[in-house]
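Asker: Dropping a structure here in structure tokens format, bear with me for questions.
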Amino acid sequence: MIMEPELLAAVTKSLEDYFGVEVTIQDVKFLSEPDRRNRVARLFLSANNYDIQSVIFKQSLSDKSQETTDADILARFARDFVGLKFLSRSDINHSIPKFLGASQSFRFILLEDLGDTHISLVDSLTKSDPDKAIAALKRFTKSLAHFHMASYGRLQEYDELLVSAHPKRETLEDRIKWNEEDLIPKLEGVCDILGIPCTNDLKQEASEVIEKALNPGKFYVLTHGDICPDNVFDHEDKDELRLIDFEWVRPGSSLLDATYFRMNFPTCWCAKALPEAVILELESLYRKTIASKIKANLDDAKYNKSYVAACGFWLLSSMPFALRIMDKDKCWPSGPVPIDSLWNSEDNLARPRFISRLQGFIQISKAHGMLPHLRNSAEQMLAKAYEKWDDARPLDLYPAFQN
């Protein structure tokens, strides 16, 4: 695959603007498959007086696996570009790659090359060493806290940047309205199939969960939105971990990202369970780290209310795929894993995800005495799932913790 001359010229200009010297692109190595929604390449450079050998190029394209409009592509590019540019302006930015430039007309971004080999949480979670997995998860947790801290109190600046790149960007009101109109009817659909009453109290509580998760007051930050085991670069030798892929960044509750441990990485292909003791340790570390910037995390009542709401939001977000697995389970595609990984791609099923999220929410709702109507429905859904599905079971632990 060859980079087009006009595109190559635009990339060169962006790099020269960043480095302030003449830059020559010596070679281009494409890292993505031709049919992917993003074109990703490593660019090998020569630049006077700079000891930089390569950078990463990422261009937003149409998604051939599903129907997308130009507006969809622009929105995805704008979130990715603006999120990276915005966070790079913070004095708390070591959890992300350096932002080197972008082109809105060609819809590409340029960023720091984090290394030839992509070592992520997938590596540590799917192998057999629990100590390494816990160490990696702690690096991940600290990076996530720093990511949230970097945007706290600055979201007006973020929105101004986003408007300049995407004037018709999604507003907070748009997002709340879209989620209510999408998730609540699907909650009704699951209740209907399972023979569970979907009361007005339940629907009202679901609306309150959506509002609290997306407009959370003191916990309002830029969330990653897809904080998955493979969306990081883990450098064990440097004891640091960088977050990547900002296509789904949006303002919302910091707990939407921080409850990924409890709710089994809800947007991710690599989804299994963590031991309860590990979840509690990571959540304590996250809370302690972020409290140095966002004091509301020290207030148990406020923290717990946002925490339970975030778990409730991820449960509601499971309703669309729950409808698709009522009659037959589905195997989710697995991404790349290390050669010595213990991950079984044939066991990457959807029903255990739904069951585990029901269990996770029920546990947290009971512990804090919150969202009783959603909890009651979740308990009924769990009982019905075990009646309806002969193969019903929760997610297994990640391979690192199975022994």
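We label chains A, B, ... in the order they appear in the structure tokens, count residues from 1 in each chain, and number ligands from 1 in the order shown.
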Tell me, which residues of region 210-241 of chain A carry DSSP alpha helix (DSSP H), written as a PyMOL selection string?

Answerer: chain A and resi 210-214

Asker: Need to verify the contact set: Arg242 (chain A), 8 Å, only C-alpha atoms, exclusion of same-chain residues closer than 3 positions in sequence. Can you return it as a list in words?

Answerer: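 My reading of the contact set: His94, Ser95, Ile96, Pro97, Phe140, Ser143, Val232, Phe233 and Asp234 of chain A.
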
Asker: Keeping only N, CA and C atoms, write those residues as a PDB file, in the first residue's frame.

Answerer:
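The resulting out28.pdb:
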```pdb
ATOM      1  N   HIS A  94       1.392  12.185  31.007  1.00  0.00           N
ATOM      2  CA  HIS A  94       2.315  11.100  30.701  1.00  0.00           C
ATOM      3  C   HIS A  94       1.623   9.765  30.470  1.00  0.00           C
ATOM      4  N   SER A  95       0.289   9.720  30.567  1.00  0.00           N
ATOM      5  CA  SER A  95      -0.424   8.462  30.325  1.00  0.00           C
ATOM      6  C   SER A  95      -0.873   8.317  28.878  1.00  0.00           C
ATOM      7  N   ILE A  96      -0.509   9.281  28.010  1.00  0.00           N
ATOM      8  CA  ILE A  96      -0.912   9.221  26.602  1.00  0.00           C
ATOM      9  C   ILE A  96       0.298   9.467  25.704  1.00  0.00           C
ATOM     10  N   PRO A  97       0.224   9.083  24.420  1.00  0.00           N
ATOM     11  CA  PRO A  97       1.314   9.410  23.493  1.00  0.00           C
ATOM     12  C   PRO A  97       1.356  10.913  23.227  1.00  0.00           C
ATOM     13  N   PHE A 140      -1.999   0.335  34.820  1.00  0.00           N
ATOM     14  CA  PHE A 140      -3.195   0.739  34.082  1.00  0.00           C
ATOM     15  C   PHE A 140      -4.073   1.667  34.936  1.00  0.00           C
ATOM     16  N   SER A 143      -2.556   5.146  35.354  1.00  0.00           N
ATOM     17  CA  SER A 143      -2.655   5.892  34.099  1.00  0.00           C
ATOM     18  C   SER A 143      -4.077   6.376  33.859  1.00  0.00           C
ATOM     19  N   VAL A 232      -3.908  -0.100  25.240  1.00  0.00           N
ATOM     20  CA  VAL A 232      -2.801   0.452  26.026  1.00  0.00           C
ATOM     21  C   VAL A 232      -1.486  -0.075  25.460  1.00  0.00           C
ATOM     22  N   PHE A 233      -0.419   0.652  25.746  1.00  0.00           N
ATOM     23  CA  PHE A 233       0.947   0.173  25.546  1.00  0.00           C
ATOM     24  C   PHE A 233       1.564   0.044  26.929  1.00  0.00           C
ATOM     25  N   ASP A 234       1.919  -1.156  27.324  1.00  0.00           N
ATOM     26  CA  ASP A 234       2.468  -1.403  28.652  1.00  0.00           C
ATOM     27  C   ASP A 234       3.981  -1.583  28.549  1.00  0.00           C
TER      28      ASP A 234
END
```

Asker: Have a look at A:Asp347, A:Glu283, A:Glu160, A:Asp226 and name the one nearest to Lys138 (chain A); count only C-alpha atoms.

Answerer: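 Going through A:Asp347, A:Glu283, A:Glu160, A:Asp226 one by one, the smallest distance to Lys138 (chain A) is for A:Glu283.
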
Asker: Which parts of region 36-253 of chain A does DSSP call strand (DSSP E or B) when run on the backbone here, written out as a PyMOL selection string?

Answerer: chain A and resi 38-47+54-60+99-103+108-112+220-223+232-235+240-243+250-253

Asker: With only C-alpha atoms as the counted atoms, please give the residues lying no more than 8 Å from region 246-249 of chain A, apart from itself and same-chain residues fewer than 2 positions off, as an MDAnalysis selection string.

Answerer: chainID A and resid 76:81 83:84 222:226 244 251

Asker: Keeping only N, CA and C atoms, write those residues as a short mmCIF file (atom, residue, chain, number, x, y, z; two decimals), in the first residue's frame.

Answerer:
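Written out: out19.cif:
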```cif
data_model
loop_
_atom_site.label_atom_id
_atom_site.label_comp_id
_atom_site.auth_asym_id
_atom_site.auth_seq_id
_atom_site.Cartn_x
_atom_site.Cartn_y
_atom_site.Cartn_z
N ARG A 76 -15.95 10.54 14.68
CA ARG A 76 -14.93 9.64 15.23
C ARG A 76 -13.56 10.29 15.15
N PHE A 77 -13.23 10.88 14.01
CA PHE A 77 -11.95 11.56 13.85
C PHE A 77 -11.84 12.73 14.83
N ALA A 78 -12.90 13.53 14.94
CA ALA A 78 -12.85 14.71 15.79
C ALA A 78 -12.60 14.34 17.25
N ARG A 79 -13.27 13.28 17.72
CA ARG A 79 -13.05 12.85 19.11
C ARG A 79 -11.62 12.40 19.32
N ASP A 80 -11.10 11.64 18.38
CA ASP A 80 -9.74 11.12 18.47
C ASP A 80 -8.72 12.27 18.46
N PHE A 81 -8.84 13.14 17.46
CA PHE A 81 -7.93 14.26 17.27
C PHE A 81 -7.99 15.24 18.43
N GLY A 83 -9.36 14.90 21.46
CA GLY A 83 -9.00 14.30 22.74
C GLY A 83 -7.51 14.27 22.95
N LEU A 84 -6.78 13.84 21.94
CA LEU A 84 -5.32 13.76 22.05
C LEU A 84 -4.69 15.15 22.15
N LEU A 222 -13.20 13.99 31.13
CA LEU A 222 -13.18 13.36 29.81
C LEU A 222 -12.94 11.87 30.02
N THR A 223 -13.91 11.05 29.66
CA THR A 223 -13.77 9.60 29.82
C THR A 223 -13.19 9.00 28.54
N HIS A 224 -12.51 7.88 28.68
CA HIS A 224 -11.93 7.21 27.52
C HIS A 224 -13.01 6.53 26.70
N GLY A 225 -13.92 5.84 27.36
CA GLY A 225 -15.07 5.24 26.69
C GLY A 225 -14.84 3.87 26.09
N ASP A 226 -13.59 3.45 25.98
CA ASP A 226 -13.29 2.12 25.43
C ASP A 226 -11.98 1.65 26.03
N ILE A 244 -4.14 4.46 24.63
CA ILE A 244 -4.23 4.81 23.22
C ILE A 244 -5.69 4.72 22.77
N PRO A 251 -17.07 13.60 27.47
CA PRO A 251 -17.28 13.97 28.87
C PRO A 251 -18.31 13.06 29.54
#
```

Asker: Between A:Asp70, A:Asp239, A:Asp129, A:Asp182, which has the minimum distance to Leu316 (chain A) (counting only C-alpha atoms)?

Answerer: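 Smallest distance to Leu316 (chain A) is found for A:Asp182.
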
Asker: Using only C-alpha atoms, which of the listed residues (A:Tyr386, A:Arg36, A:Ser128, A:Leu7) sits closest to Ser105 (chain A)?

Answerer: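 Result for the nearest residue to Ser105 (chain A): A:Leu7.
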
Asker: Excluding Pro372 (chain A) and any residue of its chain fewer than 5 positions from it, enumerate the residues within 10 Å of it, using only C-alpha atoms, and give them as JSON, numbers by chain.

Answerer: {"A": [201, 202, 205, 362, 365, 366, 377, 378]}

Asker: Using only C-alpha atoms, determine which residues lie at most 12 Å from Asp116 (chain A), disregarding the query and same-chain residues fewer than 6 positions distant; provide the list as number ranges by chain.

Answerer: A: 29, 31, 41-43, 53-56, 233, 235

Asker: Residues as selected, N, CA and C atoms, written as an mmCIF file, in the first residue's frame, can you do that?

Answerer:
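Wrote out.cif, looks like this:
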```cif
data_model
loop_
_atom_site.group_PDB
_atom_site.id
_atom_site.type_symbol
_atom_site.label_atom_id
_atom_site.label_comp_id
_atom_site.auth_asym_id
_atom_site.auth_seq_id
_atom_site.Cartn_x
_atom_site.Cartn_y
_atom_site.Cartn_z
ATOM 1 N N LYS A 29 5.536 2.144 6.656
ATOM 2 C CA LYS A 29 5.169 0.749 6.911
ATOM 3 C C LYS A 29 3.748 0.720 7.458
ATOM 4 N N LEU A 31 0.542 -0.649 9.218
ATOM 5 C CA LEU A 31 0.346 -1.592 10.318
ATOM 6 C C LEU A 31 -1.058 -2.166 10.356
ATOM 7 N N ALA A 41 -0.065 3.619 10.157
ATOM 8 C CA ALA A 41 1.246 3.351 9.575
ATOM 9 C C ALA A 41 2.345 3.893 10.476
ATOM 10 N N ARG A 42 3.506 3.286 10.383
ATOM 11 C CA ARG A 42 4.718 3.812 11.025
ATOM 12 C C ARG A 42 5.519 4.539 9.954
ATOM 13 N N LEU A 43 5.833 5.796 10.218
ATOM 14 C CA LEU A 43 6.599 6.610 9.276
ATOM 15 C C LEU A 43 8.027 6.747 9.781
ATOM 16 N N GLN A 53 13.207 8.735 15.141
ATOM 17 C CA GLN A 53 13.342 7.860 13.977
ATOM 18 C C GLN A 53 12.002 7.510 13.345
ATOM 19 N N SER A 54 10.941 7.525 14.134
ATOM 20 C CA SER A 54 9.648 7.135 13.573
ATOM 21 C C SER A 54 8.507 7.767 14.353
ATOM 22 N N VAL A 55 7.373 7.923 13.669
ATOM 23 C CA VAL A 55 6.134 8.402 14.292
ATOM 24 C C VAL A 55 4.997 7.530 13.774
ATOM 25 N N ILE A 56 3.837 7.637 14.428
ATOM 26 C CA ILE A 56 2.669 6.869 14.027
ATOM 27 C C ILE A 56 1.665 7.787 13.331
ATOM 28 N N PHE A 233 -0.419 0.652 25.746
ATOM 29 C CA PHE A 233 0.947 0.173 25.546
ATOM 30 C C PHE A 233 1.564 0.044 26.929
ATOM 31 N N HIS A 235 4.714 -0.709 29.229
ATOM 32 C CA HIS A 235 6.177 -0.797 29.244
ATOM 33 C C HIS A 235 6.615 -1.192 30.657
#
```

Asker: Which one of A:Leu100, A:Val190, A:Ile210, A:Met3 sits closest to Ser306 (chain A) if you count only C-alpha atoms?

Answerer: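 Closest to Ser306 (chain A) of all the choices is A:Ile210.
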
Asker: Of the candidates A:Arg262, A:Lys203, A:Lys288, A:Arg393, which shows the shortest atom-to-atom distance to Ile364 (chain A), using only C-alpha atoms?

Answerer: A:Arg262

Asker: Hey, which of A:Ala9, A:Ala296, A:Ile109, A:Leu194 ends up closest to Leu255 (chain A)? Count only C-alpha atoms.

Answerer: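 Using only C-alpha atoms, the shortest distance to Leu255 (chain A) belongs to A:Ala296.
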